[in-house]
$ cat entry.txt   # compact mmCIF, C-alpha atoms and all ligand atoms
# COMPACT_ATOMS: atom_id res chain seq x y z
CA MET A 138 77.12 -100.69 -68.58
CA GLY A 139 74.44 -98.91 -66.63
CA SER A 140 76.92 -97.22 -64.32
CA VAL A 141 79.05 -96.06 -67.24
CA ARG A 142 76.02 -94.51 -68.86
CA LYS A 143 75.06 -92.84 -65.60
CA ALA A 144 78.57 -91.46 -65.15
CA GLY A 145 78.41 -90.07 -68.68
CA ARG A 146 75.12 -88.40 -68.00
CA TYR A 147 76.48 -86.93 -64.77
CA MET A 148 79.48 -85.42 -66.58
CA PHE A 149 77.13 -83.96 -69.14
CA GLN A 150 75.00 -82.42 -66.44
CA ARG A 151 78.10 -80.71 -65.07
CA VAL A 152 79.28 -79.26 -68.35
CA ARG A 153 75.73 -78.11 -69.06
CA GLU A 154 75.58 -76.34 -65.70
CA GLU A 155 78.98 -74.77 -66.27
CA ALA A 156 77.93 -73.54 -69.72
CA ASP A 157 74.65 -72.17 -68.36
CA GLU A 158 76.59 -70.26 -65.70
CA LYS A 159 78.98 -68.83 -68.26
CA LEU A 160 76.13 -67.79 -70.53
CA ALA A 161 74.33 -66.16 -67.60
CA GLU A 162 77.48 -64.12 -66.92
CA ILE A 163 77.15 -62.60 -70.37
CA GLY A 164 73.41 -62.15 -70.01
CA LEU A 165 72.25 -65.09 -72.11
CA GLN A 166 70.06 -68.09 -71.53
CA PHE A 167 69.48 -70.77 -74.14
CA ASN A 168 66.97 -73.57 -73.96
CA TYR A 169 68.27 -76.50 -75.89
CA ARG A 170 68.41 -80.22 -75.35
CA LEU A 171 71.80 -81.82 -75.02
CA ARG A 172 72.57 -85.27 -76.37
CA LYS A 173 75.72 -87.25 -76.73
CA THR A 174 77.01 -88.22 -80.14
CA LYS A 175 79.86 -90.36 -81.36
CA SER A 176 80.25 -88.30 -84.50
CA GLU A 177 81.35 -84.65 -84.47
CA SER A 178 79.60 -82.23 -82.15
CA TRP A 179 76.90 -80.22 -83.89
CA SER A 180 73.68 -78.34 -83.25
CA THR A 181 70.45 -78.28 -85.18
CA ARG A 182 69.64 -75.24 -87.30
CA ASN A 183 66.51 -74.57 -85.24
CA ALA A 184 68.79 -74.15 -82.18
CA LYS A 185 66.80 -76.69 -80.18
CA MET A 186 69.30 -79.55 -79.98
CA VAL A 187 73.00 -79.82 -79.33
CA TYR A 188 74.81 -83.06 -79.96
CA LEU A 189 78.09 -83.19 -78.11
CA ASN A 190 80.96 -85.57 -78.58
CA PRO A 191 83.10 -85.34 -75.42
CA GLU A 192 86.09 -86.53 -77.48
CA ASP A 193 86.05 -83.20 -79.33
CA ARG A 194 87.54 -81.58 -76.23
CA LYS A 195 90.86 -83.06 -77.31
CA SER A 196 90.84 -81.26 -80.63
CA SER A 197 93.85 -78.97 -80.79
CA LEU A 198 92.22 -77.24 -83.77
CA MET A 199 89.76 -75.49 -81.50
CA ALA A 200 90.45 -72.34 -79.50
CA ASP A 201 90.36 -74.19 -76.19
CA GLU A 202 90.72 -77.86 -75.44
CA SER A 203 87.81 -78.46 -73.11
CA GLU A 204 84.35 -79.94 -73.18
CA LEU A 205 83.04 -76.61 -71.95
CA HIS A 206 84.49 -74.86 -74.99
CA VAL A 207 82.98 -77.40 -77.37
CA LEU A 208 79.56 -76.81 -75.81
CA LEU A 209 79.97 -73.01 -75.78
CA HIS A 210 81.08 -73.19 -79.43
CA GLU A 211 77.79 -74.93 -80.24
CA CYS A 212 76.02 -72.22 -78.23
CA GLY A 213 77.69 -69.78 -80.63
CA HIS A 214 75.80 -71.46 -83.46
CA ILE A 215 72.61 -71.17 -81.39
CA PHE A 216 73.33 -67.48 -80.92
CA VAL A 217 73.61 -67.00 -84.69
CA ALA A 218 70.39 -68.96 -85.22
CA LYS A 219 68.65 -66.62 -82.79
CA HIS A 220 70.14 -63.46 -84.28
CA LYS A 221 70.03 -64.25 -87.98
CA SER A 222 70.05 -60.59 -88.95
CA ILE A 223 73.66 -60.17 -87.80
CA LYS A 224 74.68 -62.18 -90.87
CA ASN A 225 73.71 -59.22 -93.04
CA ASP A 226 75.52 -56.64 -90.94
CA PRO A 227 78.41 -55.24 -93.02
CA ILE A 228 80.61 -54.99 -89.92
CA VAL A 229 80.01 -58.65 -89.11
CA LEU A 230 80.67 -59.57 -92.73
CA GLY A 231 83.98 -57.76 -92.57
CA LEU A 232 85.02 -59.20 -89.24
CA PHE A 233 83.88 -62.81 -89.45
CA GLY A 234 83.20 -63.45 -93.13
CA ASP A 235 79.95 -64.28 -94.90
CA MET A 236 78.00 -66.58 -92.61
CA ARG A 237 75.24 -66.79 -95.24
CA LYS A 238 77.27 -68.99 -97.50
CA PRO A 239 76.27 -72.67 -97.55
CA TYR A 240 77.56 -74.60 -94.58
CA ARG A 241 80.32 -76.52 -96.22
CA ARG A 242 83.44 -76.51 -94.13
CA ASP A 243 86.82 -76.02 -95.67
CA LEU A 244 88.90 -78.47 -93.69
CA SER A 245 91.92 -78.05 -95.94
CA ARG A 246 93.46 -75.11 -94.07
CA LYS A 247 96.67 -76.30 -92.55
CA GLU A 248 98.23 -73.24 -91.02
CA ASP A 249 97.39 -71.16 -88.03
CA ASN A 250 96.38 -67.63 -88.96
CA PRO A 251 96.71 -64.58 -86.66
CA ASP A 252 93.41 -63.23 -88.05
CA PHE A 253 91.48 -66.20 -86.66
CA ILE A 254 91.07 -67.15 -83.02
CA SER A 255 91.80 -70.77 -83.86
CA HIS A 256 92.63 -73.12 -86.67
CA TYR A 257 89.04 -74.37 -86.64
CA ALA A 258 87.72 -70.82 -86.94
CA GLN A 259 88.90 -70.91 -90.56
CA VAL A 260 86.64 -73.72 -91.73
CA HIS A 261 83.52 -71.54 -92.14
CA PRO A 262 82.61 -67.96 -91.13
CA GLU A 263 79.96 -69.28 -88.75
CA ASP A 264 82.57 -71.41 -87.03
CA ASN A 265 84.76 -68.35 -86.85
CA PHE A 266 81.95 -66.66 -84.96
CA ALA A 267 81.25 -69.74 -82.82
CA GLU A 268 84.90 -70.00 -81.80
CA VAL A 269 85.01 -66.34 -80.76
CA PHE A 270 81.69 -66.72 -78.97
CA GLY A 271 82.98 -69.77 -77.08
CA ILE A 272 86.08 -67.97 -75.81
CA TYR A 273 84.12 -64.83 -74.98
CA ALA A 274 81.60 -66.83 -72.96
CA LYS A 275 84.23 -68.96 -71.24
CA ASN A 276 85.89 -65.76 -70.05
CA GLY A 277 82.56 -64.37 -68.87
CA GLY A 278 82.94 -61.42 -71.23
CA ASN A 279 86.06 -60.24 -69.40
CA LEU A 280 87.84 -58.17 -72.04
CA LYS A 281 90.99 -57.79 -69.99
CA ALA A 282 91.41 -61.56 -69.76
CA ILE A 283 90.60 -61.88 -73.46
CA ARG A 284 93.18 -59.25 -74.44
CA THR A 285 95.82 -61.11 -72.44
CA LEU A 286 94.87 -64.37 -74.11
CA LEU A 287 95.03 -62.83 -77.58
CA ARG A 288 98.45 -61.37 -76.87
CA LYS A 289 99.66 -64.75 -75.70
CA LYS A 290 98.28 -66.41 -78.80
CA ARG A 291 99.76 -63.61 -80.97
CA LYS A 292 96.44 -62.79 -82.56
CA SER A 293 95.84 -59.74 -84.71
CA ARG A 294 93.71 -56.70 -83.94
CA LYS A 295 91.09 -58.13 -86.21
CA VAL A 296 90.48 -60.93 -83.73
CA LEU A 297 90.30 -58.39 -80.91
CA ARG A 298 87.71 -56.45 -82.92
CA GLN A 299 85.65 -59.62 -83.30
CA PHE A 300 85.47 -59.86 -79.51
CA LEU A 301 84.73 -56.16 -79.16
CA TRP A 302 81.92 -56.43 -81.66
CA LEU A 303 80.34 -59.26 -79.68
CA HIS A 304 80.87 -57.40 -76.42
CA ARG A 305 79.17 -54.30 -77.73
CA PHE A 306 76.35 -56.26 -79.32
CA LEU A 307 75.59 -58.02 -76.04
CA ASN A 308 75.69 -54.71 -74.23
CA GLY A 309 73.21 -53.19 -76.63
CA LYS A 310 75.71 -50.89 -78.31
CA ARG A 311 75.58 -51.85 -81.93
CA TRP A 312 78.00 -50.65 -84.48
CA THR A 313 76.52 -49.09 -87.51
CA ALA A 314 77.99 -49.57 -90.94
CA TYR A 315 78.64 -45.89 -91.49
CA GLY A 316 78.99 -44.67 -87.95
CA LYS A 317 82.27 -43.82 -86.36
CA ASN A 318 84.14 -46.88 -85.23
CA PRO A 319 84.51 -47.18 -81.49
CA ARG A 320 87.98 -47.27 -80.02
CA PHE A 321 89.69 -50.63 -80.26
ZN ZN A 401 80.84 -75.21 -85.30

$ encode --input "entry.txt" --output "structure tokens"
Amino acid sequence: MGSVRKAGRYMFQRVREEADEKLAEIGLQFNYRLRKTKSESWSTRNAKMVYLNPEDRKSSLMADESELHVLLHECGHIFVAKHKSIKNDPIVLGLFGDMRKPYRRDLSRKEDNPDFISHYAQVHPEDNFAEVFGIYAKNGGNLKAIRTLLRKKRKSRKVLRQFLWLHRFLNGKRWTAYGKNPRF
């Protein structure tokens, strides 16, 4: 039993390191504690704890089937918790939906939608954001790679704009509600 637990912890250490590296590539560093859970992966609202279920990597509903993506998705929730004001940004509202609405996930959606990066992105606007964040981080903010991926997945320009919004936000170029839209 002991060795199994140790192996589990070792794997966790690796995915944590990988996620930290990816976040560093996009200029972010989050301090959270990572724990394993047997229920669904989730993070606390205060952004201090992430509970990860390694089995979630097999979920075909998510934008990428990997443990790294599941962790980066949770980091997307941490990002929102640290930048609460983005929820009120009209551009964000238009692109991702209203993240202020109570966190009750709509798990009834059955079809893939070209306006969402993944099936799971449809369950709640904050998960929409977290899914985009996860893919953005996994690709180290490489827009060329992301464009190729979106083409392959046959995603709409709306999804591309979601990535561009995040890219610009992280690079300190914020969109204003009434300003001229940047090129897409
Ligand atoms: Zn989520």

$ atom_distance --input "entry.txt" --atom1 "CA of Glu202 in chain A" --atom2 "CA of Gln259 in chain A"
16.7 Å

$ residues_near_point --input "entry.txt" --point "(74.9, -64.9, -69.4)" --cutoff "12 Å" --atoms "only C-alpha atoms" --output "VMD selection string"
chain A and resid 155 to 167 209 212 216 270 273 to 278 304 307 to 308

$ closest_atom_pairs --input "entry.txt" --of "chain A" --to "ligand ZN 401 (chain A)" --cutoff "10 Å" --atoms "all atoms listed in the file" --output "tab-separated table"
residue	atom	partner	partner_atom	distance
A:Glu177	CA	A:ZN401	ZN	9.5
A:Ser178	CA	A:ZN401	ZN	7.8
A:Trp179	CA	A:ZN401	ZN	6.5
A:Ser180	CA	A:ZN401	ZN	8.1
A:Met199	CA	A:ZN401	ZN	9.7
A:Val207	CA	A:ZN401	ZN	8.5
A:Leu208	CA	A:ZN401	ZN	9.7
A:Leu209	CA	A:ZN401	ZN	9.8
A:His210	CA	A:ZN401	ZN	6.2
A:Glu211	CA	A:ZN401	ZN	5.9
A:Cys212	CA	A:ZN401	ZN	9.1
A:Gly213	CA	A:ZN401	ZN	7.8
A:His214	CA	A:ZN401	ZN	6.5
A:Ile215	CA	A:ZN401	ZN	10.0
A:Tyr240	CA	A:ZN401	ZN	9.9
A:Arg242	CA	A:ZN401	ZN	9.3
A:Tyr257	CA	A:ZN401	ZN	8.4
A:Ala258	CA	A:ZN401	ZN	8.3
A:Val260	CA	A:ZN401	ZN	8.8
A:His261	CA	A:ZN401	ZN	8.2
A:Pro262	CA	A:ZN401	ZN	9.5
A:Glu263	CA	A:ZN401	ZN	6.9
A:Asp264	CA	A:ZN401	ZN	4.5
A:Asn265	CA	A:ZN401	ZN	8.1
A:Phe266	CA	A:ZN401	ZN	8.6
A:Ala267	CA	A:ZN401	ZN	6.0
A:Glu268	CA	A:ZN401	ZN	7.5

$ closest_residue --input "entry.txt" --among "A:Thr174, A:Asn183, A:Thr285, A:Asn168" --to "His220 in chain A" --atoms "all atoms listed in the file"
A:Asn183

$ closest_residue --input "entry.txt" --among "A:Lys295, A:His256, A:Arg305, A:Lys281" --to "Ala200 in chain A" --atoms "only C-alpha atoms"
A:His256

$ atom_distance --input "entry.txt" --atom1 "CA of Gly234 in chain A" --atom2 "CA of Leu301 in chain A"
15.8 Å
